[in-house]
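Undergrad: Handing over final_11.cif, mmCIF, C-alpha atoms and all ligand atoms.
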data_start
#
loop_
_atom_site.label_atom_id
_atom_site.label_comp_id
_atom_site.auth_asym_id
_atom_site.auth_seq_id
_atom_site.Cartn_x
_atom_site.Cartn_y
_atom_site.Cartn_z
CA MET A 1 0.00 0.00 0.00
CA GLY A 2 1.32 3.38 -0.99
CA HIS A 3 -0.09 6.87 -0.77
CA THR A 4 -3.74 7.31 -1.66
CA SER A 5 -5.32 10.29 -3.29
CA THR A 6 -8.90 10.65 -2.16
CA TRP A 7 -11.26 13.39 -1.11
CA ALA A 8 -12.95 14.82 1.90
CA LEU A 9 -16.16 16.73 2.14
CA LEU A 10 -15.99 20.38 3.11
CA SER A 11 -18.82 21.74 5.19
CA ASN A 12 -20.00 23.80 2.21
CA GLY A 13 -20.65 20.60 0.29
CA THR A 14 -17.66 20.74 -2.02
CA ARG A 15 -15.09 18.02 -2.38
CA HIS A 16 -11.55 18.56 -1.35
CA THR A 17 -8.57 16.50 -2.47
CA VAL A 18 -6.44 14.95 0.26
CA ILE A 19 -3.56 12.49 0.32
CA LEU A 20 -3.28 9.73 2.84
CA ASP A 21 0.04 8.15 3.63
CA PRO A 22 0.36 4.35 3.81
CA THR A 23 -0.77 4.39 7.45
CA GLY A 24 -3.93 6.33 6.58
CA GLN A 25 -2.75 9.64 8.01
CA LEU A 26 -3.14 12.91 6.15
CA HIS A 27 0.04 13.89 4.36
CA PRO A 28 0.63 17.33 5.93
CA GLU A 29 2.43 19.13 3.10
CA ALA A 30 0.12 17.73 0.45
CA ASN A 31 -2.86 18.75 2.53
CA GLN A 32 -1.58 22.32 2.73
CA PHE A 33 -1.02 22.31 -1.00
CA PHE A 34 -4.56 21.22 -1.79
CA LEU A 35 -6.04 23.66 0.68
CA GLY A 36 -4.05 26.35 -1.10
CA MET A 37 -5.41 25.21 -4.44
CA ALA A 38 -8.97 25.18 -3.10
CA LEU A 39 -8.57 28.69 -1.71
CA ALA A 40 -7.20 29.78 -5.07
CA GLY A 41 -10.43 28.54 -6.60
CA ARG A 42 -8.96 25.62 -8.52
CA ALA A 43 -11.56 23.12 -9.67
CA PHE A 44 -11.88 19.79 -7.92
CA ASN A 45 -11.27 18.06 -11.25
CA THR A 46 -7.83 19.63 -11.43
CA THR A 47 -6.92 19.00 -7.83
CA SER A 48 -7.94 15.35 -8.05
CA VAL A 49 -5.62 14.84 -11.03
CA TYR A 50 -2.86 16.60 -9.12
CA GLY A 51 -3.66 14.44 -6.10
CA ARG A 52 -2.95 11.24 -7.99
CA ALA A 53 0.20 12.81 -9.40
CA VAL A 54 1.53 13.75 -5.99
CA ALA A 55 0.64 10.34 -4.55
CA ARG A 56 2.59 8.75 -7.42
CA LEU A 57 5.62 10.93 -6.77
CA LEU A 58 5.60 10.14 -3.04
CA ASP A 59 5.35 6.41 -3.78
CA TRP A 60 8.14 6.61 -6.33
CA CYS A 61 10.41 8.45 -3.90
CA GLU A 62 9.84 5.81 -1.22
CA ARG A 63 10.55 2.98 -3.66
CA GLU A 64 13.69 4.68 -4.92
CA GLY A 65 14.92 5.71 -1.49
CA VAL A 66 14.75 9.39 -2.45
CA ASP A 67 13.66 12.00 0.10
CA TRP A 68 10.87 13.85 -1.71
CA ARG A 69 11.87 17.06 0.05
CA GLN A 70 15.19 16.92 -1.73
CA VAL A 71 14.11 15.57 -5.07
CA SER A 72 16.38 16.70 -7.92
CA LEU A 73 15.62 17.47 -11.52
CA ALA A 74 17.36 14.22 -12.45
CA ASN A 75 15.10 12.38 -10.02
CA LEU A 76 12.06 13.94 -11.64
CA GLY A 77 13.33 12.92 -15.05
CA ARG A 78 13.57 9.32 -13.86
CA PHE A 79 10.18 9.54 -12.20
CA ARG A 80 8.71 10.74 -15.47
CA ARG A 81 10.37 8.01 -17.50
CA ASP A 82 9.32 5.27 -15.07
CA PHE A 83 5.76 6.52 -15.16
CA GLU A 84 5.75 6.73 -18.96
CA LEU A 85 6.93 3.14 -19.28
CA ALA A 86 4.80 1.47 -16.61
CA PRO A 87 1.60 -0.16 -17.88
CA ARG A 88 -1.54 1.17 -16.22
CA ALA A 89 -3.23 -1.35 -13.94
CA HIS A 90 -6.65 -1.10 -15.55
CA THR A 91 -5.63 -0.92 -19.22
CA GLY A 92 -2.34 -2.80 -19.33
CA ARG A 93 -1.02 0.01 -21.53
CA PRO A 94 1.34 2.86 -20.73
CA PRO A 95 -0.24 6.18 -19.74
CA SER A 96 -1.29 8.60 -22.47
CA PRO A 97 1.00 11.57 -23.19
CA SER A 98 -1.64 13.90 -21.75
CA LEU A 99 -1.78 11.95 -18.50
CA VAL A 100 1.99 12.12 -18.29
CA SER A 101 2.00 15.88 -18.78
CA GLN A 102 -0.82 16.39 -16.29
CA THR A 103 1.06 14.28 -13.79
CA MET A 104 4.22 16.29 -14.24
CA ALA A 105 2.23 19.52 -13.97
CA GLY A 106 0.79 18.32 -10.67
CA VAL A 107 4.14 17.26 -9.30
CA THR A 108 5.82 20.52 -10.35
CA SER A 109 3.05 22.61 -8.90
CA PHE A 110 3.26 20.73 -5.60
CA LEU A 111 7.02 21.14 -5.26
CA ARG A 112 6.87 24.82 -6.14
CA PHE A 113 4.16 25.36 -3.58
CA CYS A 114 6.21 23.57 -0.91
CA ALA A 115 9.22 25.73 -1.73
CA ALA A 116 7.20 28.94 -1.68
CA GLU A 117 5.74 27.95 1.70
CA ARG A 118 9.25 27.04 2.92
CA LEU A 119 8.19 23.46 3.52
CA ILE A 120 11.17 22.39 1.42
CA GLY A 121 14.33 24.13 0.27
CA SER A 122 13.82 26.62 -2.54
CA TRP A 123 16.69 25.02 -4.47
CA VAL A 124 14.43 22.01 -5.07
CA ALA A 125 11.86 24.04 -6.94
CA GLU A 126 14.02 26.64 -8.67
CA PRO A 127 14.90 24.47 -11.65
CA LEU A 128 11.18 23.79 -12.09
CA VAL A 129 10.47 27.40 -12.92
CA GLU A 130 11.39 26.45 -16.45
CA PRO A 131 8.55 24.00 -16.96
CA ARG A 132 9.58 22.76 -20.38
CA MET A 133 12.47 20.95 -18.79
CA ILE A 134 10.15 18.29 -17.52
CA GLY A 135 7.13 18.96 -19.69
CA THR A 136 4.03 20.46 -18.16
CA ALA A 137 1.77 21.09 -21.11
CA LEU A 138 -1.59 20.72 -19.44
CA ASP A 139 -4.32 19.70 -21.77
CA ARG A 140 -7.98 19.31 -21.08
CA THR A 141 -8.65 15.65 -21.77
CA ASP A 142 -10.84 13.95 -19.25
CA PRO A 143 -9.24 14.55 -15.85
CA THR A 144 -12.33 13.37 -14.03
CA ALA A 145 -11.91 9.64 -14.55
CA ASN A 146 -11.32 7.39 -11.57
CA ILE A 147 -12.39 9.75 -8.83
CA PRO A 148 -12.27 7.50 -5.79
CA ALA A 149 -15.68 7.07 -4.26
CA ARG A 150 -14.22 6.83 -0.80
CA ARG A 151 -14.97 9.55 1.70
CA ILE A 152 -13.13 10.38 4.83
CA ARG A 153 -13.72 12.96 7.49
CA VAL A 154 -11.12 15.59 8.13
CA HIS A 155 -11.21 18.97 9.78
CA VAL A 156 -10.70 21.66 7.22
CA PRO A 157 -11.50 25.33 7.58
CA GLU A 158 -14.90 26.47 6.42
CA THR A 159 -14.65 28.19 3.07
CA PRO A 160 -16.44 31.49 2.55
CA LEU A 161 -20.15 31.51 1.82
CA VAL A 162 -20.89 31.32 -1.87
CA PHE A 163 -24.04 32.88 -3.24
CA PRO A 164 -25.18 31.82 -6.68
CA PRO A 165 -26.83 34.59 -8.70
CA PRO A 166 -30.64 34.64 -8.24
CA GLU A 167 -31.27 34.17 -11.96
CA LYS A 168 -29.48 30.81 -11.76
CA MET A 169 -32.01 29.73 -9.15
CA ASP A 170 -34.87 30.70 -11.44
CA LEU A 171 -33.23 28.75 -14.21
CA LEU A 172 -32.66 25.74 -11.97
CA LEU A 173 -36.36 25.40 -11.25
CA GLU A 174 -37.23 25.66 -14.93
CA ILE A 175 -34.80 23.25 -16.57
CA LYS A 176 -35.94 19.81 -17.60
CA GLN A 177 -34.86 17.24 -15.04
CA LYS A 178 -35.70 13.71 -14.04
CA PRO A 179 -38.46 13.60 -11.40
CA ARG A 180 -36.24 12.69 -8.45
CA GLN A 181 -33.72 15.40 -9.18
CA LYS A 182 -36.37 17.98 -9.90
CA PHE A 183 -38.04 17.23 -6.60
CA LEU A 184 -34.75 17.41 -4.71
CA CYS A 185 -33.91 20.80 -6.23
CA HIS A 186 -37.35 22.17 -5.38
CA LEU A 187 -37.15 20.75 -1.89
CA LEU A 188 -33.72 22.23 -1.17
CA TRP A 189 -34.68 25.60 -2.60
CA CYS A 190 -38.09 25.72 -0.92
CA THR A 191 -36.89 24.73 2.55
CA ALA A 192 -33.14 25.53 2.58
CA MET A 193 -32.68 22.28 4.48
CA ARG A 194 -29.25 20.73 4.72
CA ILE A 195 -28.59 18.12 2.05
CA GLY A 196 -27.82 15.65 4.85
CA GLU A 197 -31.25 16.30 6.30
CA ALA A 198 -32.91 15.68 2.93
CA LEU A 199 -31.03 12.43 2.40
CA SER A 200 -31.87 11.09 5.84
CA ALA A 201 -35.57 12.07 5.68
CA TRP A 202 -38.22 9.36 5.40
CA ARG A 203 -41.22 9.47 3.14
CA GLU A 204 -43.45 9.56 6.19
CA ASP A 205 -41.81 12.85 7.18
CA VAL A 206 -43.69 14.59 4.35
CA HIS A 207 -47.27 15.59 5.02
CA THR A 208 -49.11 17.17 2.12
CA LEU A 209 -52.73 17.45 3.18
CA PRO A 210 -54.53 20.54 4.50
CA ASN A 211 -55.30 18.49 7.60
CA ASN A 212 -52.86 15.79 8.71
CA THR A 213 -54.36 14.81 12.02
CA HIS A 214 -55.25 11.32 10.80
CA LEU A 215 -51.47 10.79 10.52
CA GLY A 216 -51.03 11.91 14.08
CA CYS A 217 -49.65 15.28 13.01
CA PRO A 218 -51.22 18.50 14.31
CA VAL A 219 -49.53 20.72 11.71
CA PRO A 220 -51.93 21.89 8.99
CA GLY A 221 -50.88 22.32 5.35
CA ALA A 222 -48.06 20.77 3.34
CA HIS A 223 -44.78 20.48 5.23
CA ILE A 224 -41.81 18.28 5.95
CA HIS A 225 -40.46 17.27 9.33
CA VAL A 226 -36.75 17.85 9.20
CA GLY A 227 -33.78 16.97 11.28
CA ARG A 228 -34.97 14.31 13.67
CA ARG A 229 -33.16 11.41 12.02
CA TYR A 230 -30.27 13.48 10.79
CA ASP A 231 -29.49 14.65 14.29
CA GLN A 232 -29.74 11.13 15.63
CA GLN A 233 -27.46 9.73 12.98
CA ARG A 234 -24.83 12.39 13.23
CA ASN A 235 -25.11 12.32 16.98
CA ARG A 236 -24.60 16.02 17.37
CA ALA A 237 -26.64 18.81 18.81
CA LYS A 238 -28.23 21.05 16.23
CA THR A 239 -31.44 22.79 17.09
CA GLY A 240 -33.45 19.61 16.94
CA PRO A 241 -36.30 18.75 14.62
CA ARG A 242 -38.28 21.47 12.88
CA VAL A 243 -41.21 21.72 10.54
CA LEU A 244 -40.75 23.41 7.17
CA PRO A 245 -43.64 24.43 4.91
CA LEU A 246 -43.68 23.19 1.32
CA ASP A 247 -44.84 25.45 -1.51
CA ARG A 248 -46.99 24.46 -4.47
CA PRO A 249 -44.19 23.88 -6.99
CA THR A 250 -42.46 21.58 -4.50
CA ILE A 251 -45.66 19.61 -3.89
CA ALA A 252 -46.18 19.29 -7.65
CA ALA A 253 -42.62 18.03 -8.03
CA TYR A 254 -43.21 15.65 -5.13
CA ASP A 255 -46.32 14.21 -6.75
CA ALA A 256 -44.44 13.67 -10.02
CA TYR A 257 -41.64 12.03 -8.09
CA LEU A 258 -44.04 9.68 -6.27
CA ASP A 259 -45.49 8.66 -9.66
CA TRP A 260 -41.99 7.96 -10.89
CA ARG A 261 -41.24 5.90 -7.77
CA ALA A 262 -44.40 3.87 -8.33
CA GLU A 263 -43.45 3.25 -11.98
CA HIS A 264 -40.10 1.92 -10.82
CA GLY A 265 -41.65 -0.17 -8.05
CA LEU A 266 -39.76 1.75 -5.37
CA ASP A 267 -41.25 1.45 -1.91
CA GLY A 268 -38.24 2.23 0.30
CA LYS A 269 -38.94 4.16 3.46
CA TYR A 270 -36.47 6.91 2.65
CA LEU A 271 -37.71 9.99 0.89
CA LEU A 272 -34.95 9.90 -1.72
CA VAL A 273 -34.00 6.44 -2.88
CA VAL A 274 -31.74 4.76 -5.41
CA SER A 275 -33.84 3.65 -8.39
CA GLN A 276 -32.05 0.59 -9.71
CA GLY A 277 -29.37 -2.01 -9.18
CA GLU A 278 -28.45 -3.82 -6.01
CA THR A 279 -28.97 -0.75 -3.87
CA ALA A 280 -32.45 0.08 -5.20
CA ASN A 281 -34.64 1.50 -2.42
CA GLN A 282 -31.60 2.38 -0.34
CA PRO A 283 -31.17 6.03 0.57
CA LEU A 284 -29.55 8.12 -2.11
CA THR A 285 -25.93 8.94 -1.26
CA TYR A 286 -24.40 12.37 -1.13
CA ALA A 287 -21.80 11.33 -3.70
CA THR A 288 -24.55 10.49 -6.20
CA VAL A 289 -26.32 13.78 -5.63
CA LEU A 290 -23.12 15.76 -5.97
CA GLU A 291 -22.25 13.96 -9.17
CA SER A 292 -25.61 14.80 -10.70
CA PHE A 293 -25.14 18.43 -9.70
CA GLN A 294 -21.73 18.48 -11.29
CA LYS A 295 -22.50 16.46 -14.39
CA THR A 296 -25.94 17.68 -15.39
CA ILE A 297 -27.17 20.66 -13.39
CA ALA A 298 -23.95 22.65 -13.58
CA LYS A 299 -24.00 22.32 -17.37
CA LYS A 300 -27.65 23.12 -17.78
CA ILE A 301 -27.53 26.30 -15.72
CA ASP A 302 -23.92 27.10 -16.58
CA TYR A 303 -22.96 27.51 -12.93
CA PRO A 304 -21.03 25.17 -10.57
CA LEU A 305 -23.89 24.74 -8.13
CA THR A 306 -23.61 22.47 -5.09
CA PRO A 307 -26.52 21.31 -2.94
CA HIS A 308 -25.29 23.40 -0.05
CA MET A 309 -25.31 26.56 -2.16
CA LEU A 310 -29.07 26.21 -2.46
CA ARG A 311 -29.25 26.65 1.30
CA HIS A 312 -27.15 29.82 1.11
CA ALA A 313 -29.12 31.09 -1.85
CA ARG A 314 -32.45 30.55 -0.16
CA ALA A 315 -31.35 32.10 3.11
CA THR A 316 -30.16 35.17 1.19
CA TRP A 317 -33.45 35.29 -0.68
CA TRP A 318 -35.38 35.28 2.59
CA VAL A 319 -33.25 38.04 4.05
CA ARG A 320 -33.71 40.18 0.95
CA HIS A 321 -37.43 39.62 1.02
CA ASP A 322 -37.55 41.00 4.56
CA VAL A 323 -38.22 37.76 6.36
CA ASP A 324 -37.46 38.39 10.01
CA ILE A 325 -34.01 37.17 11.05
CA ASP A 326 -35.46 35.08 13.88
CA VAL A 327 -37.74 33.33 11.41
CA VAL A 328 -34.82 32.72 9.05
CA ARG A 329 -32.87 31.29 11.95
CA GLU A 330 -35.73 28.96 12.79
CA LEU A 331 -36.13 27.86 9.18
CA LEU A 332 -32.42 27.17 8.83
CA GLY A 333 -32.25 25.37 12.16
CA HIS A 334 -29.30 27.42 13.37
CA ALA A 335 -28.37 26.93 17.01
CA ASN A 336 -26.70 30.33 17.07
CA ILE A 337 -28.24 33.53 15.68
CA GLU A 338 -24.76 34.74 14.71
CA THR A 339 -24.62 32.00 12.11
CA THR A 340 -27.82 33.38 10.62
CA ARG A 341 -26.55 36.95 10.72
CA ARG A 342 -23.92 36.08 8.12
CA TYR A 343 -26.71 36.24 5.60
CA LEU A 344 -27.69 39.72 6.73
CA HIS A 345 -24.20 41.03 6.08
CA SER A 346 -23.92 39.32 2.76
CA GLY A 347 -27.25 40.79 1.74
CA VAL A 348 -26.05 44.28 2.57
CA GLU A 349 -22.80 43.83 0.69
CA ASP A 350 -24.55 42.52 -2.38
CA LEU A 351 -27.00 45.41 -2.29
CA ARG A 352 -24.16 47.88 -1.99
CA ALA A 353 -22.42 46.26 -4.94
CA ALA A 354 -25.62 46.51 -6.96
CA VAL A 355 -25.99 50.19 -6.11
CA GLU A 356 -22.39 50.90 -7.04
CA ASP A 357 -22.79 49.03 -10.30
CA ALA A 358 -25.81 51.14 -11.13
CA ALA A 359 -24.07 54.43 -10.30
ZN ZN B 1 -46.52 16.64 9.88
#
Now that the file is in, can you turn its structure into C-alpha cells?

TA:
Amino acid sequence: MGHTSTWALLSNGTRHTVILDPTGQLHPEANQFFLGMALAGRAFNTTSVYGRAVARLLDWCEREGVDWRQVSLANLGRFRRDFELAPRAHTGRPPSPSLVSQTMAGVTSFLRFCAAERLIGSWVAEPLVEPRMIGTALDRTDPTANIPARRIRVHVPETPLVFPPPEKMDLLLEIKQKPRQKFLCHLLWCTAMRIGEALSAWREDVHTLPNNTHLGCPVPGAHIHVGRRYDQQRNRAKTGPRVLPLDRPTIAAYDAYLDWRAEHGLDGKYLLVVSQGETANQPLTYATVLESFQKTIAKKIDYPLTPHMLRHARATWWVRHDVDIDVVRELLGHANIETTRRYLHSGVEDLRAAVEDAA
C-alpha cells in the first residue's frame, strides 16, 4: 500500500482532495497544498488529477529511497520516464501523453508550492520554474476519470459563503430534469434544508394534506419534518427537529416524483432512494447527488452549483425579502443567531455592490 489520493467533504458541500500516507494519516504538506489550491479557486477536477500525481511521486520516492523534500531534476526525469513506461493497472497500456504531462504539472506545482511555503528548500523548486524541462503542457482531456468514491472525514477550515446569482435559481427550477432530481432541487430551494437532512428524511416525514391529524400530526398544510433522524445519525446537537412548509411547486414536483417511484416499483422508506441495481430503495448517497449536480445541473444552468449553495441562496433570498431574522434562523435550524446573521451582512454587501454598479 502506498499513498492514496482521495477526497474529503468540506462543510459547504464541495469536495476537497487529500492524500493519505500508507498508514492512513493525512500527508501534511500535500494537505496544505490542496487547501491552497482550493482557496485559489482551482476546480476539484484539477486537484484530483494533481492528487494522484503527488501520490505517485511520493510512492516513487519511497521505492527509490529518495527524500521527496530533496528531489532533484534528475530524479524527476527518472520519475517521469518510469511513469511513462509502466503499464496502467486497468488498461495494461502505458499512460497517455496527456496523463503524463498532467502528472508532471501536478508534481511541479506541488514542489513549487512547498518551496514557496518554505516546507522544502527553494533550491528544489528553482529548476522547475522552467517548466519545459520536464514537460508540463496541461491539456484538457478527461481529468475526471477514476475519482475514488471513498470519503473520509477531516477537519478543514470552512470556506467562505458562496451565493449563486438569483437568476441561476430561477433557471434551476425551470430546466428539464428527471423527477427525483427535480423534486430534490425544489425541496432544497423551498426549505433551505441541509442536504444531509434531505437524504436522511423518510417518506413519512412529508405531510401534504390541508389536515394531517389522521397521521397523528397536528400541523396543517403541506410540510416536511426535518432533522430528527439526521441529528440522531450524526449524533450532534443542532437545534433539533423542525417543521418546514412546502410550496406548491415543490408539492407538484413531489407528486411527479411519487409517480416515478411507483413506476419503478420503489417502496423504500427513505424519501430519496436509489432507483435501480443492487442498492435500489436504499437512501440516495451524497456522492450520487453531488455527481448529478456536477455532471448535469452545472452544465444546464452554466454555474457550478452544489446542494449546499441552495441553502445559502435561499437564506439570502429570505433576508432580501424581509423575512425576520429570527424566522430565518428557525427555518435554517441554526443553534446560534450569529450563524444566521452572516446572511444579513452578505445581503447588505450585495445590495451595496448593486448600487455601485448602477451608479
Ligand atoms: Zn406533519

Undergrad: Between A:Gly333, A:Gly221, A:Gly265, A:Gly2, single out the one closest to Arg248 (chain A), counting only C-alpha atoms.

TA: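 The answer is A:Gly221, which sits nearest to Arg248 (chain A).
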
Undergrad: Find the residues of chain A that sit at most 6 Å from ligand ZN 1 (chain B); for each, write down the nearest two atoms and how far apart they are in Å, to one decimal. Count all atoms listed in the file. Sort by chain, then by number going up, and give it as a tab-separated table.

TA:
residue	atom	partner	partner_atom	distance
A:His207	CA	B:ZN1	ZN	5.0
A:Cys217	CA	B:ZN1	ZN	4.6
A:Val219	CA	B:ZN1	ZN	5.4

Undergrad: Calculated over all atoms listed in the file, which of the candidates A:Thr17, A:Glu29, A:Arg42, A:Thr208 has the smallest distance to Leu119 (chain A)?

TA: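 Once distances to Leu119 (chain A) are computed over all atoms listed in the file, the minimum belongs to A:Glu29.
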
Undergrad: Rounded to one decimal place, report the CA of Pro95 (chain A)-CA of Ser72 (chain A) distance in Å.

TA: 22.9 Å

Undergrad: Anything within 12 Å of (-32.6, 12.5, -13.3): list those residues as number ranges by chain, counting only C-alpha atoms and sticking to the file's coordinates.

TA: A: 175-185, 257, 260, 274-275, 288-289, 291-293, 295-297

Undergrad: Since we have the selection now, will you write its residues out, keeping C-alpha atoms, as a PDB file, keeping the file's coordinate frame?

TA:
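Final output, saved to result-v2.pdb:
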ATOM      1  CA  ILE A 175     -34.800  23.250 -16.570  1.00  0.00           C
ATOM      2  CA  LYS A 176     -35.940  19.810 -17.600  1.00  0.00           C
ATOM      3  CA  GLN A 177     -34.860  17.240 -15.040  1.00  0.00           C
ATOM      4  CA  LYS A 178     -35.700  13.710 -14.040  1.00  0.00           C
ATOM      5  CA  PRO A 179     -38.460  13.600 -11.400  1.00  0.00           C
ATOM      6  CA  ARG A 180     -36.240  12.690  -8.450  1.00  0.00           C
ATOM      7  CA  GLN A 181     -33.720  15.400  -9.180  1.00  0.00           C
ATOM      8  CA  LYS A 182     -36.370  17.980  -9.900  1.00  0.00           C
ATOM      9  CA  PHE A 183     -38.040  17.230  -6.600  1.00  0.00           C
ATOM     10  CA  LEU A 184     -34.750  17.410  -4.710  1.00  0.00           C
ATOM     11  CA  CYS A 185     -33.910  20.800  -6.230  1.00  0.00           C
ATOM     12  CA  TYR A 257     -41.640  12.030  -8.090  1.00  0.00           C
ATOM     13  CA  TRP A 260     -41.990   7.960 -10.890  1.00  0.00           C
ATOM     14  CA  VAL A 274     -31.740   4.760  -5.410  1.00  0.00           C
ATOM     15  CA  SER A 275     -33.840   3.650  -8.390  1.00  0.00           C
ATOM     16  CA  THR A 288     -24.550  10.490  -6.200  1.00  0.00           C
ATOM     17  CA  VAL A 289     -26.320  13.780  -5.630  1.00  0.00           C
ATOM     18  CA  GLU A 291     -22.250  13.960  -9.170  1.00  0.00           C
ATOM     19  CA  SER A 292     -25.610  14.800 -10.700  1.00  0.00           C
ATOM     20  CA  PHE A 293     -25.140  18.430  -9.700  1.00  0.00           C
ATOM     21  CA  LYS A 295     -22.500  16.460 -14.390  1.00  0.00           C
ATOM     22  CA  THR A 296     -25.940  17.680 -15.390  1.00  0.00           C
ATOM     23  CA  ILE A 297     -27.170  20.660 -13.390  1.00  0.00           C
TER      24      ILE A 297
END

Undergrad: Near Pro241 (chain A), within 7 Å and counting all atoms listed in the file, which residues show up once chain neighbours fewer than 6 positions away are dropped, as a PyMOL selection string?

TA: chain A and resi 225-228

Undergrad: Residues within 10 Å of (-33.0, 19.5, -4.1), file coordinates, counting only C-alpha atoms: what are they? Give the list as number ranges by chain.

TA: A: 173, 180-195, 198-199, 250, 289, 293, 306-308, 310-311

Undergrad: Could you check which of A:Trp60, A:Phe34, A:Trp202, A:Trp317 is closest to Phe83 (chain A), using all atoms listed in the file?

TA: A:Trp60

Undergrad: Considering only C-alpha atoms, state which residue in the set A:His312, A:Val18, A:Arg203, A:Arg320 is at the smallest distance from Thr339 (chain A).

TA: A:His312

Undergrad: Looking at A:Leu85, A:Met37, A:Ala105, A:Leu305, which one is nearest to Arg52 (chain A), with distances taken over all atoms listed in the file?

TA: A:Ala105

Undergrad: So that I can check the surroundings of Trp68 (chain A), please list as a VMD selection string every protein, DNA and RNA residue that reaches within 8 Å of it, counting all atoms listed in the file and ignoring chain neighbours fewer than 2 positions away.

TA: chain A and resid 57 to 58 61 66 70 to 71

Undergrad: For Leu284 (chain A), which residue out of A:Asp247, A:Glu197, A:Asp205, A:Asp324 is the nearest one, using only C-alpha atoms?

TA: A:Glu197

Undergrad: What does the distance from CA of Val107 (chain A) to CA of Phe33 (chain A) come to in Å, to one decimal?

TA: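 Between CA of Val107 (chain A) and CA of Phe33 (chain A) the gap is 11.0 Å.
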
Undergrad: Find the distance between CA of Thr4 (chain A) and CA of Leu20 (chain A) and write it in Å to one decimal.

TA: 5.1 Å
